>>> print(open('final15.txt').read())   # compact mmCIF, C-alpha atoms and all ligand atoms
# COMPACT_ATOMS: atom_id res chain seq x y z
CA MET A 1 0.00 0.00 0.00
CA GLN A 2 1.50 3.35 -1.07
CA GLN A 3 0.17 5.13 2.00
CA LEU A 4 2.58 3.16 4.20
CA HIS A 5 5.48 5.00 2.53
CA THR A 6 4.02 8.48 2.32
CA ASP A 7 5.54 11.43 4.18
CA PHE A 8 3.14 14.21 5.17
CA ARG A 9 6.01 16.74 4.96
CA ASP A 10 5.82 16.44 1.16
CA PRO A 11 4.53 19.86 -0.06
CA GLN A 12 2.21 18.07 -2.47
CA CYS A 13 0.13 17.01 0.54
CA GLY A 14 -1.12 20.60 0.78
CA GLY A 15 -2.45 20.62 -2.79
CA ARG A 16 -6.05 21.08 -3.91
CA ILE A 17 -7.69 19.32 -6.85
CA ALA A 18 -10.14 21.46 -8.82
CA PHE A 19 -13.57 19.90 -9.12
CA PRO A 20 -15.27 19.16 -11.48
CA ASP A 21 -12.24 19.09 -13.83
CA ARG A 22 -12.38 16.13 -16.17
CA ASP A 23 -9.41 14.51 -14.45
CA ALA A 24 -10.61 15.27 -10.90
CA PRO A 25 -12.12 11.83 -10.08
CA ALA A 26 -8.92 10.02 -11.11
CA ALA A 27 -6.68 12.59 -9.39
CA LEU A 28 -8.68 12.47 -6.14
CA THR A 29 -8.68 8.67 -6.14
CA ARG A 30 -4.94 8.53 -6.81
CA ALA A 31 -4.14 11.02 -4.04
CA THR A 32 -6.40 9.16 -1.59
CA GLU A 33 -4.64 5.90 -2.43
CA GLU A 34 -1.17 7.47 -2.07
CA ARG A 35 -1.73 9.49 1.12
CA GLY A 36 -5.06 8.41 2.58
CA PHE A 37 -6.69 11.75 1.75
CA ALA A 38 -7.29 14.43 -0.89
CA VAL A 39 -8.83 17.91 -0.93
CA ALA A 40 -11.28 18.86 -3.69
CA ALA A 41 -11.93 22.55 -4.42
CA LEU A 42 -15.52 23.21 -5.49
CA ALA A 43 -17.43 26.39 -6.27
CA PRO A 44 -18.48 27.76 -2.84
CA SER A 45 -21.69 29.11 -4.37
CA GLN A 46 -23.01 25.58 -4.98
CA PRO A 47 -25.54 24.21 -2.45
CA PRO A 48 -23.51 22.00 -0.05
CA ASP A 49 -25.72 18.94 -0.51
CA ASP A 50 -25.23 19.17 -4.30
CA ALA A 51 -21.47 19.51 -3.85
CA LEU A 52 -21.30 16.42 -1.63
CA ALA A 53 -23.51 14.40 -3.96
CA ALA A 54 -21.37 15.39 -6.97
CA VAL A 55 -18.11 14.35 -5.27
CA ALA A 56 -19.62 11.07 -4.02
CA ALA A 57 -20.99 10.25 -7.48
CA ALA A 58 -17.68 11.05 -9.21
CA LEU A 59 -15.83 8.74 -6.81
CA GLY A 60 -18.41 5.92 -6.88
CA LEU A 61 -19.03 6.15 -3.14
CA GLY A 62 -22.72 5.28 -3.32
CA THR A 63 -25.18 6.53 -0.73
CA PRO A 64 -24.02 7.79 2.69
CA TYR A 65 -23.57 5.23 5.46
CA ILE A 66 -25.35 5.70 8.78
CA PRO A 67 -23.07 4.56 11.66
CA ALA A 68 -24.43 1.86 13.98
CA LEU A 69 -24.47 4.32 16.91
CA TYR A 70 -27.05 6.48 15.15
CA ARG A 71 -29.52 3.67 14.45
CA TYR A 72 -31.00 3.67 17.97
CA PRO A 73 -34.20 5.54 18.88
CA GLU A 74 -32.19 7.63 21.39
CA THR A 75 -29.76 8.84 18.72
CA ARG A 76 -32.13 9.25 15.80
CA ALA A 77 -31.49 13.01 15.80
CA TYR A 78 -28.01 12.26 14.40
CA SER A 79 -29.02 9.71 11.77
CA ALA A 80 -29.21 12.04 8.76
CA ALA A 81 -27.09 11.25 5.71
CA TYR A 82 -25.29 14.57 6.15
CA SER A 83 -24.22 15.61 9.65
CA HIS A 84 -23.92 19.34 10.33
CA ILE A 85 -20.88 20.06 12.47
CA ARG A 86 -21.19 23.45 14.12
CA SER A 87 -21.34 24.92 17.59
CA ASP A 88 -24.76 24.46 19.18
CA PRO A 89 -25.08 25.00 22.95
CA GLY A 90 -28.53 23.33 22.82
CA ASP A 91 -27.14 20.05 21.52
CA ARG A 92 -25.20 17.52 23.60
CA HIS A 93 -23.26 15.68 20.92
CA PRO A 94 -19.68 15.64 22.23
CA GLY A 95 -18.08 16.04 18.78
CA PHE A 96 -20.46 17.78 16.40
CA SER A 97 -21.73 20.65 18.50
CA THR A 98 -18.76 22.03 20.44
CA THR A 99 -15.78 24.19 19.58
CA ALA A 100 -13.44 21.94 21.60
CA GLY A 101 -10.59 20.01 20.03
CA GLN A 102 -11.02 16.36 19.17
CA ALA A 103 -8.35 13.78 19.91
CA TRP A 104 -7.39 11.01 17.48
CA HIS A 105 -10.21 8.72 16.41
CA VAL A 106 -11.87 7.00 13.50
CA ASP A 107 -15.54 7.58 12.72
CA GLY A 108 -18.02 4.87 13.66
CA LEU A 109 -17.17 3.77 17.19
CA LEU A 110 -19.56 0.78 17.17
CA ASP A 111 -18.89 -0.30 13.58
CA GLU A 112 -16.50 -3.14 12.89
CA ILE A 113 -12.99 -2.15 11.83
CA GLY A 114 -12.83 -1.25 8.14
CA THR A 115 -16.59 -0.77 7.72
CA ILE A 116 -16.61 2.98 7.11
CA LYS A 117 -14.00 3.42 4.42
CA THR A 118 -14.51 7.06 3.47
CA THR A 119 -15.30 10.28 5.31
CA ILE A 120 -15.96 13.56 3.49
CA LEU A 121 -15.85 16.86 5.37
CA TYR A 122 -17.26 19.72 3.32
CA CYS A 123 -16.52 23.25 4.50
CA VAL A 124 -19.39 25.71 4.34
CA ARG A 125 -17.63 28.26 6.56
CA ALA A 126 -14.25 28.18 8.25
CA ALA A 127 -13.70 29.14 11.89
CA HIS A 128 -12.60 32.61 12.88
CA ARG A 129 -9.51 30.98 14.40
CA GLY A 130 -8.37 27.33 14.62
CA GLY A 131 -10.50 24.34 13.67
CA ASP A 132 -8.00 22.60 11.40
CA THR A 133 -8.72 18.93 10.73
CA LEU A 134 -5.79 16.81 11.91
CA LEU A 135 -4.75 13.64 10.09
CA PHE A 136 -2.56 10.87 11.52
CA ASN A 137 -1.14 8.23 9.21
CA SER A 138 -1.69 5.53 11.82
CA LEU A 139 -1.24 2.72 9.28
CA ALA A 140 2.26 3.92 8.36
CA ALA A 141 3.18 4.27 12.04
CA PHE A 142 1.87 0.76 12.63
CA ALA A 143 4.04 -0.57 9.79
CA GLU A 144 7.04 0.88 11.64
CA LEU A 145 5.85 -0.72 14.89
CA ARG A 146 5.56 -4.14 13.21
CA ALA A 147 9.21 -3.93 12.22
CA LEU A 148 10.44 -2.61 15.59
CA ASP A 149 8.32 -4.51 18.11
CA PRO A 150 6.42 -7.51 16.69
CA ASP A 151 4.88 -8.38 20.09
CA ALA A 152 3.43 -4.88 20.44
CA ALA A 153 2.07 -5.11 16.89
CA LEU A 154 0.52 -8.48 17.69
CA ALA A 155 -1.19 -7.08 20.80
CA MET A 156 -2.69 -4.30 18.65
CA GLN A 157 -4.36 -6.99 16.52
CA SER A 158 -5.99 -8.73 19.49
CA PRO A 159 -9.80 -8.85 18.92
CA LYS A 160 -10.45 -7.20 22.29
CA ALA A 161 -7.54 -4.76 22.38
CA LEU A 162 -9.65 -1.61 22.21
CA ASN A 163 -13.12 -0.98 23.57
CA ARG A 164 -14.96 2.13 22.41
CA ARG A 165 -18.12 3.45 24.03
CA SER A 166 -20.66 6.12 23.28
CA THR A 167 -20.15 9.42 25.10
CA ILE A 168 -23.53 10.73 23.97
CA PRO A 169 -25.41 11.17 27.27
CA ALA A 170 -28.62 9.49 26.01
CA ILE A 171 -27.13 6.08 25.31
CA GLY A 172 -24.61 3.64 26.81
CA VAL A 173 -23.34 1.24 24.16
CA ASP A 174 -19.85 0.00 23.36
CA ALA A 175 -17.88 -2.31 21.09
CA ASP A 176 -14.62 -4.30 21.31
CA GLY A 177 -12.27 -4.71 18.39
CA PRO A 178 -8.65 -4.82 17.28
CA VAL A 179 -6.74 -1.59 16.72
CA PHE A 180 -5.38 -2.84 13.39
CA ALA A 181 -6.52 -5.73 11.19
CA ARG A 182 -6.15 -6.98 7.63
CA ASP A 183 -9.23 -6.81 5.38
CA SER A 184 -10.37 -9.64 3.11
CA PHE A 185 -7.81 -8.52 0.46
CA GLY A 186 -4.95 -8.56 2.94
CA ALA A 187 -4.74 -4.74 3.21
CA TRP A 188 -4.29 -3.21 6.65
CA THR A 189 -7.11 -1.23 8.26
CA THR A 190 -7.19 0.83 11.44
CA ARG A 191 -9.51 1.95 14.21
CA TYR A 192 -6.72 3.62 16.17
CA THR A 193 -8.42 5.98 18.58
CA ASP A 194 -6.99 7.73 21.62
CA ASN A 195 -9.79 9.80 23.12
CA ASP A 196 -12.43 9.66 25.85
CA THR A 197 -14.38 6.88 24.09
CA CYS A 198 -11.56 4.37 24.71
CA THR A 199 -10.71 1.63 27.16
CA TRP A 200 -7.49 -0.17 26.26
CA ASN A 201 -7.46 -3.80 27.42
CA PHE A 202 -3.78 -4.01 28.35
CA ALA A 203 -4.07 -7.68 29.37
CA GLU A 204 -4.65 -8.64 25.72
CA GLY A 205 -1.78 -10.01 23.63
CA PRO A 206 1.86 -10.58 24.65
CA PRO A 207 2.59 -9.07 28.12
CA GLY A 208 3.28 -5.34 27.98
CA GLY A 209 2.83 -5.24 24.22
CA LEU A 210 -0.33 -3.17 24.01
CA ARG A 211 0.99 -0.53 26.38
CA ARG A 212 4.25 -0.24 24.41
CA GLY A 213 2.31 -0.09 21.16
CA LEU A 214 0.08 2.72 22.44
CA GLU A 215 3.08 4.71 23.66
CA PHE A 216 4.77 4.26 20.28
CA LEU A 217 1.69 5.44 18.37
CA ARG A 218 1.18 8.43 20.69
CA ALA A 219 4.73 9.55 19.94
CA ALA A 220 4.35 8.84 16.21
CA ALA A 221 1.20 10.99 16.09
CA ARG A 222 3.34 14.01 17.00
CA GLU A 223 5.84 13.46 14.15
CA PRO A 224 5.39 15.74 11.13
CA ARG A 225 5.93 12.87 8.68
CA TYR A 226 2.81 11.16 10.10
CA ARG A 227 0.73 14.17 11.21
CA LEU A 228 -0.83 16.88 9.09
CA ALA A 229 -3.17 19.81 9.80
CA VAL A 230 -5.61 20.59 6.99
CA SER A 231 -7.19 24.03 6.99
CA LEU A 232 -10.32 23.87 4.87
CA ARG A 233 -11.67 26.91 3.07
CA PRO A 234 -15.32 27.39 2.05
CA GLY A 235 -16.22 25.13 -0.86
CA GLU A 236 -13.44 22.63 -0.13
CA ALA A 237 -14.09 18.97 0.59
CA LEU A 238 -11.61 16.82 2.51
CA ILE A 239 -11.95 13.22 1.41
CA PHE A 240 -10.12 10.70 3.57
CA ARG A 241 -9.88 6.96 4.18
CA ASN A 242 -11.46 6.48 7.60
CA ASP A 243 -10.24 2.87 7.59
CA ARG A 244 -6.60 3.89 6.94
CA LEU A 245 -6.09 7.19 8.81
CA SER A 246 -7.05 8.48 12.23
CA HIS A 247 -8.23 12.06 12.54
CA GLY A 248 -8.92 14.81 15.03
CA ARG A 249 -9.60 18.53 15.22
CA GLN A 250 -7.99 21.61 16.66
CA PRO A 251 -10.20 23.68 18.96
CA TYR A 252 -11.63 26.77 17.35
CA GLU A 253 -13.17 30.17 17.94
CA ASP A 254 -16.21 31.43 16.11
CA THR A 255 -17.48 34.86 15.31
CA PRO A 256 -21.19 34.84 16.19
CA ALA A 257 -22.32 36.16 12.81
CA ALA A 258 -20.38 33.57 10.82
CA PRO A 259 -19.75 30.37 12.82
CA ARG A 260 -17.67 27.48 11.53
CA HIS A 261 -19.85 25.01 9.65
CA LEU A 262 -18.73 21.67 8.21
CA ILE A 263 -20.90 18.92 6.79
CA ARG A 264 -19.83 15.32 7.22
CA ALA A 265 -20.81 12.33 5.12
CA LEU A 266 -19.64 8.73 5.61
CA TYR A 267 -19.45 5.95 3.04
CA ALA A 268 -18.88 2.19 3.25
CA ASP A 269 -16.90 2.22 -0.02
CA GLY A 270 -13.54 3.67 -0.98
CA PRO A 271 -13.09 5.97 -3.99
CA THR A 272 -13.15 4.39 -7.45
CA PRO A 273 -13.51 6.81 -10.39
CA GLN A 274 -16.71 6.39 -12.39
FE FE B 301 -14.56 12.26 13.23
>>> encode(input="final15.txt", output="structure tokens", more="lines below")
Ligand SMILES: [Fe+2]
Amino acid sequence: MQQLHTDFRDPQCGGRIAFPDRDAPAALTRATEERGFAVAALAPSQPPDDALAAVAAALGLGTPYIPALYRYPETRAYSAAYSHIRSDPGDRHPGFSTTAGQAWHVDGLLDEIGTIKTTILYCVRAAHRGGDTLLFNSLAAFAELRALDPDAALAMQSPKALNRRSTIPAIGVDADGPVFARDSFGAWTTRYTDNDTCTWNFAEGPPGGLRRGLEFLRAAAREPRYRLAVSLRPGEALIFRNDRLSHGRQPYEDTPAAPRHLIRALYADGPTPQ
């Protein structure tokens, strides 16, 4: 997988791909395969739902995927195909509705590893200050861990290594799973998460391995070759492989008249140009 050898310090990682140029679907797919993500630049005047639908259609992503957590009666308010991410003091979603930072995670805390392959974040309005999306090439860091500490890498693949639980006040549900696993084609996938949804089961795998692995990944997530901040402008869509990268967010400040507003859509498929 090319993404295992990518270096986020490469200036090309900051590039935008104009959409809907004729070559855009192929270029976006290629970039996503090489780095785990790509940024498409669309006309900001276009209705956001149309922009998202156009990008999804061009990349063969199908219809948006509703995460398992949002299929309960208690969480139905979050089950729309497009999730609006903006500050809302009246809402208690711990990620969507606050201006706080978000630590490393993958989307879909109850879904089996590898299920949600693509996340798109479309920027309607940027924050007054902060709010960059952070990307961590957790698969590349894990490749390094496999070479350096095979026991730690093995512990990360234990089926109960990482428990994730809902932090939405209305519902208490959780799911166990490995931190890294191969998919049916032999490609590595990740659900590396290091936030307040996590319980690490340090007894799993070779003794001490999971703790060493977590420490290694925490350090790797601070290295510029593995970590990138993406500052989205209005009309830009960040497309990333949710099964191959972990992501987070910097805290941000709004101006009341023009608050930050992103729209998120999830897909079970990866990009394939149509
Ligand atoms: Fe997320």
>>> closest_residue(input="final15.txt", among="A:Glu204, A:Asp183, A:Asp149, A:Asp21", to="A:Glu112", atoms="all atoms listed in the file")
A:Asp183
>>> closest_atom_pairs(input="final15.txt", of="stretch 182-201 of chain A", to="stretch 118-141 of chain A", cutoff="10 Å", atoms="all atoms listed in the file", output="Markdown table")
| residue | atom | partner | partner_atom | distance |
| --- | --- | --- | --- | --- |
| A:Trp188 | CA | A:Leu139 | CA | 7.2 |
| A:Thr189 | CA | A:Leu139 | CA | 7.1 |
| A:Thr190 | CA | A:Leu139 | CA | 6.6 |
| A:Arg191 | CA | A:Ser138 | CA | 8.9 |
| A:Tyr192 | CA | A:Ser138 | CA | 6.9 |
| A:Thr193 | CA | A:Ser138 | CA | 9.5 |
>>> closest_residue(input="final15.txt", among="A:Phe202, A:Tyr226, A:Tyr267, A:Phe216", to="A:Thr115", atoms="only C-alpha atoms")
A:Tyr267
>>> residues_near_ligand(input="final15.txt", ligand="ligand FE 301 (chain B)", cutoff="8 Å", atoms="all atoms listed in the file", output="ChimeraX atom specification")
/A:95,105-107,247-248
>>> closest_residue(input="final15.txt", among="A:Leu110, A:Ala181, A:Ala219, A:Ala203", to="A:Ala68", atoms="all atoms listed in the file")
A:Leu110
>>> residues_around(input="final15.txt", residues="A:Pro256", least_positions_apart="4", cutoff="12 Å", atoms="all atoms listed in the file", output="MDAnalysis selection string")
chainID A and resid 86:88 127:128 260:261
>>> closest_residue(input="final15.txt", among="A:Asn163, A:Trp104, A:Ser158, A:Glu253", to="A:Pro206", atoms="all atoms listed in the file")
A:Ser158
>>> build_atoms(input="final15.txt", residues="stretch 99-110 of chain A", atoms="all heavy atoms", output="CSV table (one decimal), keeping the file's coordinate frame")
chain,number,residue,atom,x,y,z
A,99,THR,N,-17.0,23.6,20.2
A,99,THR,CA,-15.8,24.2,19.6
A,99,THR,C,-14.5,23.6,20.1
A,99,THR,O,-13.4,24.0,19.8
A,99,THR,CB,-15.8,25.7,19.8
A,99,THR,OG1,-15.7,26.0,21.2
A,99,THR,CG2,-17.0,26.4,19.2
A,100,ALA,N,-14.6,22.6,21.0
A,100,ALA,CA,-13.4,21.9,21.6
A,100,ALA,C,-12.6,21.2,20.6
A,100,ALA,O,-13.2,20.8,19.5
A,100,ALA,CB,-13.9,21.0,22.7
A,101,GLY,N,-11.4,20.9,20.9
A,101,GLY,CA,-10.6,20.0,20.0
A,101,GLY,C,-11.1,18.6,20.1
A,101,GLY,O,-11.8,18.2,21.0
A,102,GLN,N,-10.7,17.8,19.1
A,102,GLN,CA,-11.0,16.4,19.2
A,102,GLN,C,-9.7,15.6,19.0
A,102,GLN,O,-8.9,15.8,18.1
A,102,GLN,CB,-11.9,16.0,18.0
A,102,GLN,CG,-13.4,16.3,18.2
A,102,GLN,CD,-14.2,15.7,17.1
A,102,GLN,OE1,-14.0,16.0,15.9
A,102,GLN,NE2,-15.2,15.0,17.5
A,103,ALA,N,-9.6,14.6,20.0
A,103,ALA,CA,-8.4,13.8,19.9
A,103,ALA,C,-8.5,12.7,18.8
A,103,ALA,O,-9.6,12.6,18.2
A,103,ALA,CB,-8.1,13.1,21.3
A,104,TRP,N,-7.4,12.0,18.6
A,104,TRP,CA,-7.4,11.0,17.5
A,104,TRP,C,-8.5,10.0,17.6
A,104,TRP,O,-8.7,9.4,18.6
A,104,TRP,CB,-6.0,10.3,17.5
A,104,TRP,CG,-4.9,11.2,17.3
A,104,TRP,CD1,-3.8,11.3,18.1
A,104,TRP,CD2,-4.6,12.0,16.1
A,104,TRP,NE1,-2.9,12.2,17.6
A,104,TRP,CE2,-3.4,12.7,16.4
A,104,TRP,CE3,-5.3,12.3,14.9
A,104,TRP,CZ2,-2.8,13.6,15.5
A,104,TRP,CZ3,-4.7,13.2,14.1
A,104,TRP,CH2,-3.5,13.8,14.3
A,105,HIS,N,-9.2,9.7,16.5
A,105,HIS,CA,-10.2,8.7,16.4
A,105,HIS,C,-10.5,8.3,15.0
A,105,HIS,O,-10.0,9.0,14.0
A,105,HIS,CB,-11.5,9.2,17.0
A,105,HIS,CG,-12.1,10.4,16.3
A,105,HIS,ND1,-11.7,11.7,16.4
A,105,HIS,CD2,-13.2,10.4,15.4
A,105,HIS,CE1,-12.4,12.4,15.6
A,105,HIS,NE2,-13.4,11.7,15.0
A,106,VAL,N,-11.3,7.3,14.8
A,106,VAL,CA,-11.9,7.0,13.5
A,106,VAL,C,-13.4,7.1,13.7
A,106,VAL,O,-13.9,6.9,14.8
A,106,VAL,CB,-11.5,5.6,12.9
A,106,VAL,CG1,-10.0,5.5,12.8
A,106,VAL,CG2,-12.1,4.5,13.7
A,107,ASP,N,-14.1,7.4,12.6
A,107,ASP,CA,-15.5,7.6,12.7
A,107,ASP,C,-16.2,6.2,12.8
A,107,ASP,O,-15.7,5.2,12.2
A,107,ASP,CB,-16.1,8.4,11.5
A,107,ASP,CG,-15.6,9.8,11.5
A,107,ASP,OD1,-15.4,10.4,12.6
A,107,ASP,OD2,-15.5,10.4,10.5
A,108,GLY,N,-17.3,6.1,13.6
A,108,GLY,CA,-18.0,4.9,13.7
A,108,GLY,C,-17.5,4.0,14.8
A,108,GLY,O,-16.9,3.0,14.6
A,109,LEU,N,-17.8,4.5,16.1
A,109,LEU,CA,-17.2,3.8,17.2
A,109,LEU,C,-17.7,2.4,17.5
A,109,LEU,O,-17.1,1.5,18.1
A,109,LEU,CB,-17.2,4.6,18.5
A,109,LEU,CG,-18.5,5.2,19.1
A,109,LEU,CD1,-19.2,4.1,19.9
A,109,LEU,CD2,-18.1,6.3,20.0
A,110,LEU,N,-19.0,2.1,17.0
A,110,LEU,CA,-19.6,0.8,17.2
A,110,LEU,C,-19.4,-0.1,15.9
A,110,LEU,O,-19.6,-1.3,16.0
A,110,LEU,CB,-21.1,0.9,17.4
A,110,LEU,CG,-21.5,1.6,18.7
A,110,LEU,CD1,-23.0,1.5,18.8
A,110,LEU,CD2,-20.9,1.0,19.9
